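Reproduced below: data.txt, with compact mmCIF, N, CA and C atoms.
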# COMPACT_ATOMS: atom_id res chain seq x y z
N GLN M 1 74.49 74.58 64.29
CA GLN M 1 75.63 73.71 64.05
C GLN M 1 76.53 74.35 63.01
N VAL M 2 77.83 74.32 63.30
CA VAL M 2 78.79 74.93 62.38
C VAL M 2 79.03 73.99 61.21
N GLN M 3 79.02 74.56 60.02
CA GLN M 3 79.28 73.78 58.81
C GLN M 3 80.35 74.44 57.99
N MET M 4 81.20 73.62 57.37
CA MET M 4 82.25 74.09 56.47
C MET M 4 82.04 73.44 55.11
N VAL M 5 82.10 74.23 54.05
CA VAL M 5 81.97 73.71 52.69
C VAL M 5 83.20 74.11 51.90
N GLU M 6 84.01 73.10 51.56
CA GLU M 6 85.26 73.33 50.84
C GLU M 6 85.03 73.17 49.33
N SER M 7 85.82 73.93 48.57
CA SER M 7 85.76 73.83 47.11
C SER M 7 87.07 74.31 46.52
N GLY M 8 87.22 74.09 45.21
CA GLY M 8 88.39 74.60 44.51
C GLY M 8 89.45 73.57 44.17
N GLY M 9 89.25 72.35 44.62
CA GLY M 9 90.23 71.32 44.30
C GLY M 9 90.20 70.94 42.84
N GLY M 10 91.12 70.08 42.44
CA GLY M 10 91.17 69.62 41.06
C GLY M 10 92.43 68.86 40.79
N ALA M 11 92.65 68.58 39.52
CA ALA M 11 93.85 67.86 39.08
C ALA M 11 94.77 68.82 38.36
N VAL M 12 96.01 68.89 38.80
CA VAL M 12 97.00 69.78 38.19
C VAL M 12 98.32 69.05 38.05
N GLN M 13 99.17 69.60 37.21
CA GLN M 13 100.51 69.06 37.08
C GLN M 13 101.42 69.69 38.13
N ALA M 14 102.46 69.00 38.45
CA ALA M 14 103.44 69.53 39.40
C ALA M 14 103.92 70.90 38.91
N GLY M 15 104.03 71.82 39.87
CA GLY M 15 104.40 73.18 39.54
C GLY M 15 103.22 74.11 39.35
N GLY M 16 102.03 73.54 39.25
CA GLY M 16 100.84 74.33 39.06
C GLY M 16 100.30 74.93 40.34
N SER M 17 99.15 75.60 40.22
CA SER M 17 98.55 76.30 41.35
C SER M 17 97.06 75.99 41.45
N LEU M 18 96.56 76.07 42.65
CA LEU M 18 95.13 75.97 42.92
C LEU M 18 94.80 76.90 44.07
N ARG M 19 93.56 77.34 44.10
CA ARG M 19 93.07 78.15 45.22
C ARG M 19 91.84 77.48 45.81
N LEU M 20 91.96 77.07 47.04
CA LEU M 20 90.85 76.44 47.74
C LEU M 20 90.06 77.49 48.52
N SER M 21 88.76 77.24 48.63
CA SER M 21 87.88 78.10 49.41
C SER M 21 87.10 77.27 50.41
N CYS M 22 86.76 77.89 51.52
CA CYS M 22 85.95 77.22 52.53
C CYS M 22 84.98 78.24 53.11
N VAL M 23 83.71 77.99 52.91
CA VAL M 23 82.68 78.87 53.44
C VAL M 23 82.17 78.27 54.74
N VAL M 24 82.12 79.11 55.76
CA VAL M 24 81.73 78.66 57.11
C VAL M 24 80.38 79.27 57.48
N SER M 25 79.51 78.46 58.02
CA SER M 25 78.23 78.96 58.49
C SER M 25 77.96 78.44 59.90
N GLY M 26 77.14 79.18 60.63
CA GLY M 26 76.75 78.72 61.96
C GLY M 26 77.65 79.18 63.08
N SER M 27 78.62 80.04 62.79
CA SER M 27 79.48 80.56 63.84
C SER M 27 79.72 82.04 63.60
N ILE M 28 80.31 82.69 64.60
CA ILE M 28 80.72 84.08 64.42
C ILE M 28 82.11 84.03 63.82
N PHE M 29 82.16 83.97 62.50
CA PHE M 29 83.38 83.64 61.78
C PHE M 29 84.54 84.56 62.16
N MET M 30 84.28 85.82 62.33
CA MET M 30 85.37 86.76 62.57
C MET M 30 86.08 86.48 63.90
N LEU M 31 85.46 85.70 64.77
CA LEU M 31 86.07 85.36 66.04
C LEU M 31 86.81 84.03 66.00
N ASP M 32 86.71 83.32 64.88
CA ASP M 32 87.27 81.98 64.79
C ASP M 32 88.68 81.99 64.23
N SER M 33 89.54 81.15 64.78
CA SER M 33 90.76 80.77 64.09
C SER M 33 90.42 79.60 63.19
N MET M 34 91.01 79.59 62.00
CA MET M 34 90.66 78.56 61.01
C MET M 34 91.91 77.84 60.53
N GLY M 35 91.72 76.57 60.23
CA GLY M 35 92.84 75.78 59.73
C GLY M 35 92.47 75.02 58.47
N TRP M 36 93.47 74.79 57.65
CA TRP M 36 93.36 73.87 56.53
C TRP M 36 94.13 72.60 56.88
N TYR M 37 93.52 71.47 56.55
CA TYR M 37 94.10 70.18 56.85
C TYR M 37 94.16 69.36 55.57
N ARG M 38 95.10 68.43 55.55
CA ARG M 38 95.26 67.57 54.37
C ARG M 38 95.33 66.12 54.82
N GLN M 39 94.60 65.29 54.08
CA GLN M 39 94.70 63.85 54.31
C GLN M 39 95.15 63.18 53.02
N ALA M 40 96.41 62.76 53.01
CA ALA M 40 96.95 62.05 51.86
C ALA M 40 96.47 60.60 51.88
N PRO M 41 96.49 59.95 50.73
CA PRO M 41 96.03 58.56 50.67
C PRO M 41 96.78 57.67 51.66
N GLY M 42 96.04 56.97 52.50
CA GLY M 42 96.64 56.05 53.45
C GLY M 42 97.32 56.69 54.64
N LYS M 43 97.15 58.01 54.81
CA LYS M 43 97.83 58.70 55.91
C LYS M 43 96.82 59.43 56.78
N GLN M 44 97.26 59.86 57.93
CA GLN M 44 96.38 60.60 58.82
C GLN M 44 96.20 62.02 58.32
N ARG M 45 95.18 62.67 58.85
CA ARG M 45 94.92 64.04 58.48
C ARG M 45 95.82 64.97 59.28
N ASP M 46 96.54 65.85 58.59
CA ASP M 46 97.49 66.75 59.24
C ASP M 46 97.15 68.21 58.93
N VAL M 47 97.50 69.08 59.85
CA VAL M 47 97.28 70.50 59.62
C VAL M 47 98.30 71.02 58.62
N VAL M 48 97.83 71.89 57.74
CA VAL M 48 98.69 72.48 56.71
C VAL M 48 98.95 73.95 57.01
N ALA M 49 97.89 74.66 57.40
CA ALA M 49 98.02 76.09 57.66
C ALA M 49 96.92 76.54 58.61
N VAL M 50 97.23 77.55 59.40
CA VAL M 50 96.28 78.10 60.35
C VAL M 50 96.31 79.62 60.27
N ILE M 51 95.14 80.22 60.40
CA ILE M 51 95.06 81.68 60.47
C ILE M 51 94.21 82.04 61.67
N SER M 52 94.72 82.96 62.48
CA SER M 52 94.00 83.37 63.68
C SER M 52 92.95 84.42 63.34
N ARG M 53 92.15 84.77 64.33
CA ARG M 53 91.14 85.80 64.14
C ARG M 53 91.79 87.14 63.79
N ASP M 54 93.05 87.30 64.22
CA ASP M 54 93.77 88.55 63.97
C ASP M 54 94.56 88.52 62.67
N GLY M 55 94.50 87.38 61.98
CA GLY M 55 95.21 87.29 60.71
C GLY M 55 96.62 86.73 60.81
N ASN M 56 97.04 86.32 61.99
CA ASN M 56 98.35 85.69 62.12
C ASN M 56 98.30 84.30 61.50
N THR M 57 99.37 83.94 60.84
CA THR M 57 99.39 82.67 60.11
C THR M 57 100.53 81.77 60.54
N ASN M 58 100.30 80.47 60.41
CA ASN M 58 101.33 79.47 60.65
C ASN M 58 101.18 78.36 59.61
N TYR M 59 102.31 77.79 59.22
CA TYR M 59 102.31 76.79 58.16
C TYR M 59 103.12 75.56 58.56
N ALA M 60 102.71 74.43 58.02
CA ALA M 60 103.54 73.24 58.14
C ALA M 60 104.83 73.49 57.34
N ASP M 61 105.91 72.91 57.80
CA ASP M 61 107.20 73.12 57.13
C ASP M 61 107.14 72.71 55.66
N SER M 62 106.37 71.70 55.36
CA SER M 62 106.33 71.17 54.00
C SER M 62 105.69 72.12 52.99
N VAL M 63 104.97 73.12 53.47
CA VAL M 63 104.28 74.03 52.54
C VAL M 63 104.73 75.48 52.68
N LYS M 64 105.62 75.75 53.61
CA LYS M 64 106.09 77.13 53.79
C LYS M 64 106.70 77.67 52.51
N GLY M 65 106.31 78.89 52.19
CA GLY M 65 106.83 79.53 50.99
C GLY M 65 106.06 79.19 49.73
N ARG M 66 105.16 78.21 49.82
CA ARG M 66 104.38 77.80 48.64
C ARG M 66 102.88 78.04 48.84
N PHE M 67 102.41 77.87 50.06
CA PHE M 67 100.97 78.02 50.34
C PHE M 67 100.74 79.30 51.13
N THR M 68 99.59 79.91 50.91
CA THR M 68 99.19 81.10 51.66
C THR M 68 97.74 80.96 52.10
N ILE M 69 97.54 81.07 53.40
CA ILE M 69 96.18 81.05 53.95
C ILE M 69 95.72 82.48 54.17
N SER M 70 94.47 82.74 53.87
CA SER M 70 93.91 84.08 54.06
C SER M 70 92.42 83.94 54.39
N ARG M 71 91.83 85.05 54.77
CA ARG M 71 90.42 85.01 55.14
C ARG M 71 89.71 86.28 54.70
N ASP M 72 88.42 86.16 54.47
CA ASP M 72 87.57 87.30 54.16
C ASP M 72 86.39 87.21 55.11
N ASN M 73 86.44 87.98 56.17
CA ASN M 73 85.40 87.91 57.20
C ASN M 73 84.03 88.34 56.67
N ALA M 74 84.01 89.22 55.69
CA ALA M 74 82.74 89.66 55.12
C ALA M 74 82.03 88.52 54.38
N LYS M 75 82.81 87.56 53.93
CA LYS M 75 82.24 86.44 53.18
C LYS M 75 82.26 85.13 53.98
N ASN M 76 82.67 85.20 55.23
CA ASN M 76 82.77 83.99 56.05
C ASN M 76 83.57 82.90 55.33
N THR M 77 84.66 83.30 54.73
CA THR M 77 85.41 82.39 53.87
C THR M 77 86.90 82.43 54.22
N VAL M 78 87.49 81.25 54.22
CA VAL M 78 88.93 81.12 54.36
C VAL M 78 89.47 80.48 53.08
N TYR M 79 90.64 80.95 52.65
CA TYR M 79 91.23 80.50 51.40
C TYR M 79 92.57 79.83 51.65
N LEU M 80 92.97 79.01 50.69
CA LEU M 80 94.31 78.45 50.69
C LEU M 80 94.84 78.54 49.26
N GLN M 81 95.76 79.47 49.04
CA GLN M 81 96.42 79.59 47.74
C GLN M 81 97.60 78.65 47.74
N MET M 82 97.61 77.75 46.78
CA MET M 82 98.66 76.73 46.71
C MET M 82 99.43 76.91 45.41
N ASN M 83 100.70 77.24 45.52
CA ASN M 83 101.56 77.42 44.36
C ASN M 83 102.67 76.37 44.37
N SER M 84 103.31 76.22 43.23
CA SER M 84 104.42 75.27 43.11
C SER M 84 104.04 73.91 43.68
N LEU M 85 102.91 73.42 43.27
CA LEU M 85 102.39 72.18 43.83
C LEU M 85 103.30 71.00 43.50
N LYS M 86 103.39 70.09 44.47
CA LYS M 86 104.20 68.90 44.34
C LYS M 86 103.31 67.66 44.41
N PHE M 87 103.84 66.56 43.94
CA PHE M 87 103.09 65.31 43.97
C PHE M 87 102.62 65.00 45.38
N GLU M 88 103.48 65.28 46.35
CA GLU M 88 103.16 64.95 47.74
C GLU M 88 102.11 65.86 48.35
N ASP M 89 101.65 66.87 47.62
CA ASP M 89 100.54 67.71 48.09
C ASP M 89 99.19 67.05 47.80
N THR M 90 99.22 65.96 47.08
CA THR M 90 97.98 65.26 46.76
C THR M 90 97.25 64.81 48.02
N GLY M 91 95.95 64.99 48.02
CA GLY M 91 95.13 64.56 49.14
C GLY M 91 93.80 65.27 49.16
N VAL M 92 93.02 64.97 50.17
CA VAL M 92 91.75 65.66 50.38
C VAL M 92 92.01 66.77 51.40
N TYR M 93 91.59 67.97 51.06
CA TYR M 93 91.81 69.13 51.89
C TYR M 93 90.51 69.52 52.59
N TYR M 94 90.64 69.78 53.88
CA TYR M 94 89.50 70.15 54.71
C TYR M 94 89.82 71.45 55.44
N CYS M 95 88.80 72.18 55.77
CA CYS M 95 88.98 73.31 56.68
C CYS M 95 88.16 73.04 57.94
N LYS M 96 88.58 73.68 59.02
CA LYS M 96 87.90 73.48 60.28
C LYS M 96 88.30 74.60 61.23
N ARG M 97 87.42 74.88 62.16
CA ARG M 97 87.77 75.86 63.19
C ARG M 97 88.85 75.27 64.09
N VAL M 98 89.70 76.14 64.58
CA VAL M 98 90.79 75.74 65.46
C VAL M 98 90.56 76.34 66.82
N GLY M 99 90.57 75.51 67.84
CA GLY M 99 90.39 76.02 69.19
C GLY M 99 90.06 74.91 70.16
N LEU M 100 90.23 75.19 71.44
CA LEU M 100 89.96 74.21 72.48
C LEU M 100 88.46 74.03 72.67
N GLY M 101 88.05 72.82 72.90
CA GLY M 101 86.66 72.56 73.23
C GLY M 101 85.70 72.54 72.07
N LEU M 102 86.22 72.71 70.84
CA LEU M 102 85.33 72.69 69.68
C LEU M 102 85.06 71.25 69.27
N ASN M 103 83.88 71.01 68.76
CA ASN M 103 83.49 69.67 68.37
C ASN M 103 82.79 69.67 67.02
N ASP M 104 83.37 70.42 66.08
CA ASP M 104 82.75 70.52 64.77
C ASP M 104 82.98 69.23 63.99
N SER M 105 82.01 68.92 63.14
CA SER M 105 82.17 67.80 62.22
C SER M 105 83.00 68.24 61.03
N TRP M 106 83.69 67.31 60.42
CA TRP M 106 84.44 67.61 59.21
C TRP M 106 83.48 67.77 58.04
N GLY M 107 83.83 68.66 57.10
CA GLY M 107 83.08 68.79 55.87
C GLY M 107 83.44 67.68 54.91
N GLN M 108 82.99 67.84 53.68
CA GLN M 108 83.24 66.79 52.69
C GLN M 108 84.64 66.87 52.11
N GLY M 109 85.30 68.01 52.29
CA GLY M 109 86.64 68.18 51.76
C GLY M 109 86.63 68.42 50.27
N THR M 110 87.81 68.74 49.76
CA THR M 110 87.98 68.92 48.32
C THR M 110 89.26 68.22 47.89
N GLN M 111 89.17 67.46 46.82
CA GLN M 111 90.28 66.62 46.38
C GLN M 111 91.27 67.42 45.55
N VAL M 112 92.54 67.28 45.89
CA VAL M 112 93.63 67.86 45.11
C VAL M 112 94.51 66.71 44.63
N THR M 113 94.71 66.66 43.33
CA THR M 113 95.55 65.61 42.75
C THR M 113 96.63 66.27 41.92
N VAL M 114 97.88 66.02 42.29
CA VAL M 114 99.01 66.60 41.59
C VAL M 114 99.76 65.48 40.88
N SER M 115 99.90 65.62 39.60
CA SER M 115 100.62 64.61 38.81
C SER M 115 102.04 65.08 38.57
N SER M 116 102.94 64.13 38.66
CA SER M 116 104.36 64.49 38.50
C SER M 116 104.80 64.36 37.04
Exercise: express the given structure as structure tokens:
Amino acid sequence: QVQMVESGGGAVQAGGSLRLSCVVSGSIFMLDSMGWYRQAPGKQRDVVAVISRDGNTNYADSVKGRFTISRDNAKNTVYLQMNSLKFEDTGVYYCKRVGLGLNDSWGQGTQVTVSS
């Protein structure tokens, strides 16, 4: 069973930075496309950034130019560098494999709280 363990969240002031990590086990990580998702209080969970197995990246418009997704296949880890954080970036961040037919469970996520 594939498992994702997220870490790196915390409380920061607006304009600050955080780096999230997600360690993946139970899959051939180098073949996976990975995504970071955010669930703000009272809202649905939305995709924030995606990185393909080849390293191609895509971002939600709200985070373009501020967030960077990357991966280290040797460590089975995907990262999310978040700079210039805004109040509206507050939420629980999750990582998950991206692809058709996948049925992975969500991890516990990591909480990011940005104070204005």
Atom CA of Gly91 of chain M and atom N of Gly8 of chain M, how far apart in Å?
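Distance between the two atoms: 13.0 Å.
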Contacts of segment 66-71 of chain M within 6 Å, all atoms listed in the file, excl. fewer than 4 positions in-chain, as a short mmCIF file (atom, residue, chain, number, x, y, z; two decimals) with N, CA and C atoms, keeping the file's coordinate frame:
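To be explicit, this is the file written out as part35.cif:
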data_model
loop_
_atom_site.label_atom_id
_atom_site.label_comp_id
_atom_site.auth_asym_id
_atom_site.auth_seq_id
_atom_site.Cartn_x
_atom_site.Cartn_y
_atom_site.Cartn_z
N THR M 77 84.66 83.30 54.73
CA THR M 77 85.41 82.39 53.87
C THR M 77 86.90 82.43 54.22
N VAL M 78 87.49 81.25 54.22
CA VAL M 78 88.93 81.12 54.36
C VAL M 78 89.47 80.48 53.08
N TYR M 79 90.64 80.95 52.65
CA TYR M 79 91.23 80.50 51.40
C TYR M 79 92.57 79.83 51.65
N LEU M 80 92.97 79.01 50.69
CA LEU M 80 94.31 78.45 50.69
C LEU M 80 94.84 78.54 49.26
N GLN M 81 95.76 79.47 49.04
CA GLN M 81 96.42 79.59 47.74
C GLN M 81 97.60 78.65 47.74
N MET M 82 97.61 77.75 46.78
CA MET M 82 98.66 76.73 46.71
C MET M 82 99.43 76.91 45.41
N ASN M 83 100.70 77.24 45.52
CA ASN M 83 101.56 77.42 44.36
C ASN M 83 102.67 76.37 44.37
N SER M 84 103.31 76.22 43.23
CA SER M 84 104.42 75.27 43.11
C SER M 84 104.04 73.91 43.68
#
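From atom CA of Phe87 of chain M back to atom N of Gly42 of chain M, the distance works out to 13.9 Å.
Closest to Gln1 of chain M among M:Gln39, M:Asn73, M:Ser52, M:Ser105 is M:Ser105, based on all atoms listed in the file.
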Excluding Leu31 of chain M and any residue of its chain fewer than 4 positions from it, enumerate the residues within 9 Å of it, using only C-alpha atoms, and give them as JSON, numbers by chain.
{"M": [27, 52, 53, 54]}
For the selection you just gave me, I'd like the residues written to a file as a tab-separated table (two decimals), in the coordinates of the input, keeping N, CA and C atoms.
chain	number	residue	atom	x	y	z
M	27	SER	N	78.62	80.04	62.79
M	27	SER	CA	79.48	80.56	63.84
M	27	SER	C	79.72	82.04	63.60
M	52	SER	N	94.72	82.96	62.48
M	52	SER	CA	94.00	83.37	63.68
M	52	SER	C	92.95	84.42	63.34
M	53	ARG	N	92.15	84.77	64.33
M	53	ARG	CA	91.14	85.80	64.14
M	53	ARG	C	91.79	87.14	63.79
M	54	ASP	N	93.05	87.30	64.22
M	54	ASP	CA	93.77	88.55	63.97
M	54	ASP	C	94.56	88.52	62.67
Name the closest residue to Ser116 of chain M among the candidates M:Ser7, M:Val2, M:Ser21, M:Val12; distances are taken between atoms, counting all atoms listed in the file.
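Looking at the shortest contact to Ser116 of chain M, the residue is M:Val12.
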Missing atoms in segment 60-76 of chain M need filling: write out N, CA, C and O atoms for it as a PDB file, in the coordinates of the input.
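Saved to rebuild00.pdb:
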ATOM      1  N   ALA M  60     102.710  74.430  58.020  1.00  0.00           N
ATOM      2  CA  ALA M  60     103.540  73.240  58.140  1.00  0.00           C
ATOM      3  C   ALA M  60     104.830  73.490  57.340  1.00  0.00           C
ATOM      4  O   ALA M  60     104.807  74.190  56.316  1.00  0.00           O
ATOM      5  N   ASP M  61     105.910  72.910  57.800  1.00  0.00           N
ATOM      6  CA  ASP M  61     107.200  73.120  57.130  1.00  0.00           C
ATOM      7  C   ASP M  61     107.140  72.710  55.660  1.00  0.00           C
ATOM      8  O   ASP M  61     107.780  73.327  54.808  1.00  0.00           O
ATOM      9  N   SER M  62     106.370  71.700  55.360  1.00  0.00           N
ATOM     10  CA  SER M  62     106.330  71.170  54.000  1.00  0.00           C
ATOM     11  C   SER M  62     105.690  72.120  52.990  1.00  0.00           C
ATOM     12  O   SER M  62     105.868  71.942  51.782  1.00  0.00           O
ATOM     13  N   VAL M  63     104.970  73.120  53.470  1.00  0.00           N
ATOM     14  CA  VAL M  63     104.280  74.030  52.540  1.00  0.00           C
ATOM     15  C   VAL M  63     104.730  75.480  52.680  1.00  0.00           C
ATOM     16  O   VAL M  63     104.262  76.344  51.920  1.00  0.00           O
ATOM     17  N   LYS M  64     105.620  75.750  53.610  1.00  0.00           N
ATOM     18  CA  LYS M  64     106.090  77.130  53.790  1.00  0.00           C
ATOM     19  C   LYS M  64     106.700  77.670  52.510  1.00  0.00           C
ATOM     20  O   LYS M  64     107.473  76.989  51.841  1.00  0.00           O
ATOM     21  N   GLY M  65     106.310  78.890  52.190  1.00  0.00           N
ATOM     22  CA  GLY M  65     106.830  79.530  50.990  1.00  0.00           C
ATOM     23  C   GLY M  65     106.060  79.190  49.730  1.00  0.00           C
ATOM     24  O   GLY M  65     106.268  79.812  48.682  1.00  0.00           O
ATOM     25  N   ARG M  66     105.160  78.210  49.820  1.00  0.00           N
ATOM     26  CA  ARG M  66     104.380  77.800  48.640  1.00  0.00           C
ATOM     27  C   ARG M  66     102.880  78.040  48.840  1.00  0.00           C
ATOM     28  O   ARG M  66     102.180  78.348  47.877  1.00  0.00           O
ATOM     29  N   PHE M  67     102.410  77.870  50.060  1.00  0.00           N
ATOM     30  CA  PHE M  67     100.970  78.020  50.340  1.00  0.00           C
ATOM     31  C   PHE M  67     100.740  79.300  51.130  1.00  0.00           C
ATOM     32  O   PHE M  67     101.572  79.703  51.952  1.00  0.00           O
ATOM     33  N   THR M  68      99.590  79.910  50.910  1.00  0.00           N
ATOM     34  CA  THR M  68      99.190  81.100  51.660  1.00  0.00           C
ATOM     35  C   THR M  68      97.740  80.960  52.100  1.00  0.00           C
ATOM     36  O   THR M  68      96.850  80.755  51.272  1.00  0.00           O
ATOM     37  N   ILE M  69      97.540  81.070  53.400  1.00  0.00           N
ATOM     38  CA  ILE M  69      96.180  81.050  53.950  1.00  0.00           C
ATOM     39  C   ILE M  69      95.720  82.480  54.170  1.00  0.00           C
ATOM     40  O   ILE M  69      96.502  83.343  54.580  1.00  0.00           O
ATOM     41  N   SER M  70      94.470  82.740  53.870  1.00  0.00           N
ATOM     42  CA  SER M  70      93.910  84.080  54.060  1.00  0.00           C
ATOM     43  C   SER M  70      92.420  83.940  54.390  1.00  0.00           C
ATOM     44  O   SER M  70      91.853  82.858  54.289  1.00  0.00           O
ATOM     45  N   ARG M  71      91.830  85.050  54.770  1.00  0.00           N
ATOM     46  CA  ARG M  71      90.420  85.010  55.140  1.00  0.00           C
ATOM     47  C   ARG M  71      89.710  86.280  54.700  1.00  0.00           C
ATOM     48  O   ARG M  71      90.330  87.342  54.605  1.00  0.00           O
ATOM     49  N   ASP M  72      88.420  86.160  54.470  1.00  0.00           N
ATOM     50  CA  ASP M  72      87.570  87.300  54.160  1.00  0.00           C
ATOM     51  C   ASP M  72      86.390  87.210  55.110  1.00  0.00           C
ATOM     52  O   ASP M  72      85.453  86.428  54.902  1.00  0.00           O
ATOM     53  N   ASN M  73      86.440  87.980  56.170  1.00  0.00           N
ATOM     54  CA  ASN M  73      85.400  87.910  57.200  1.00  0.00           C
ATOM     55  C   ASN M  73      84.030  88.340  56.670  1.00  0.00           C
ATOM     56  O   ASN M  73      83.001  87.875  57.148  1.00  0.00           O
ATOM     57  N   ALA M  74      84.010  89.220  55.690  1.00  0.00           N
ATOM     58  CA  ALA M  74      82.740  89.660  55.120  1.00  0.00           C
ATOM     59  C   ALA M  74      82.030  88.520  54.380  1.00  0.00           C
ATOM     60  O   ALA M  74      80.808  88.537  54.236  1.00  0.00           O
ATOM     61  N   LYS M  75      82.810  87.560  53.930  1.00  0.00           N
ATOM     62  CA  LYS M  75      82.240  86.440  53.180  1.00  0.00           C
ATOM     63  C   LYS M  75      82.260  85.130  53.980  1.00  0.00           C
ATOM     64  O   LYS M  75      81.931  84.075  53.425  1.00  0.00           O
ATOM     65  N   ASN M  76      82.670  85.200  55.230  1.00  0.00           N
ATOM     66  CA  ASN M  76      82.770  83.990  56.050  1.00  0.00           C
ATOM     67  C   ASN M  76      83.570  82.900  55.330  1.00  0.00           C
ATOM     68  O   ASN M  76      83.207  81.713  55.369  1.00  0.00           O
TER      69      ASN M  76
END
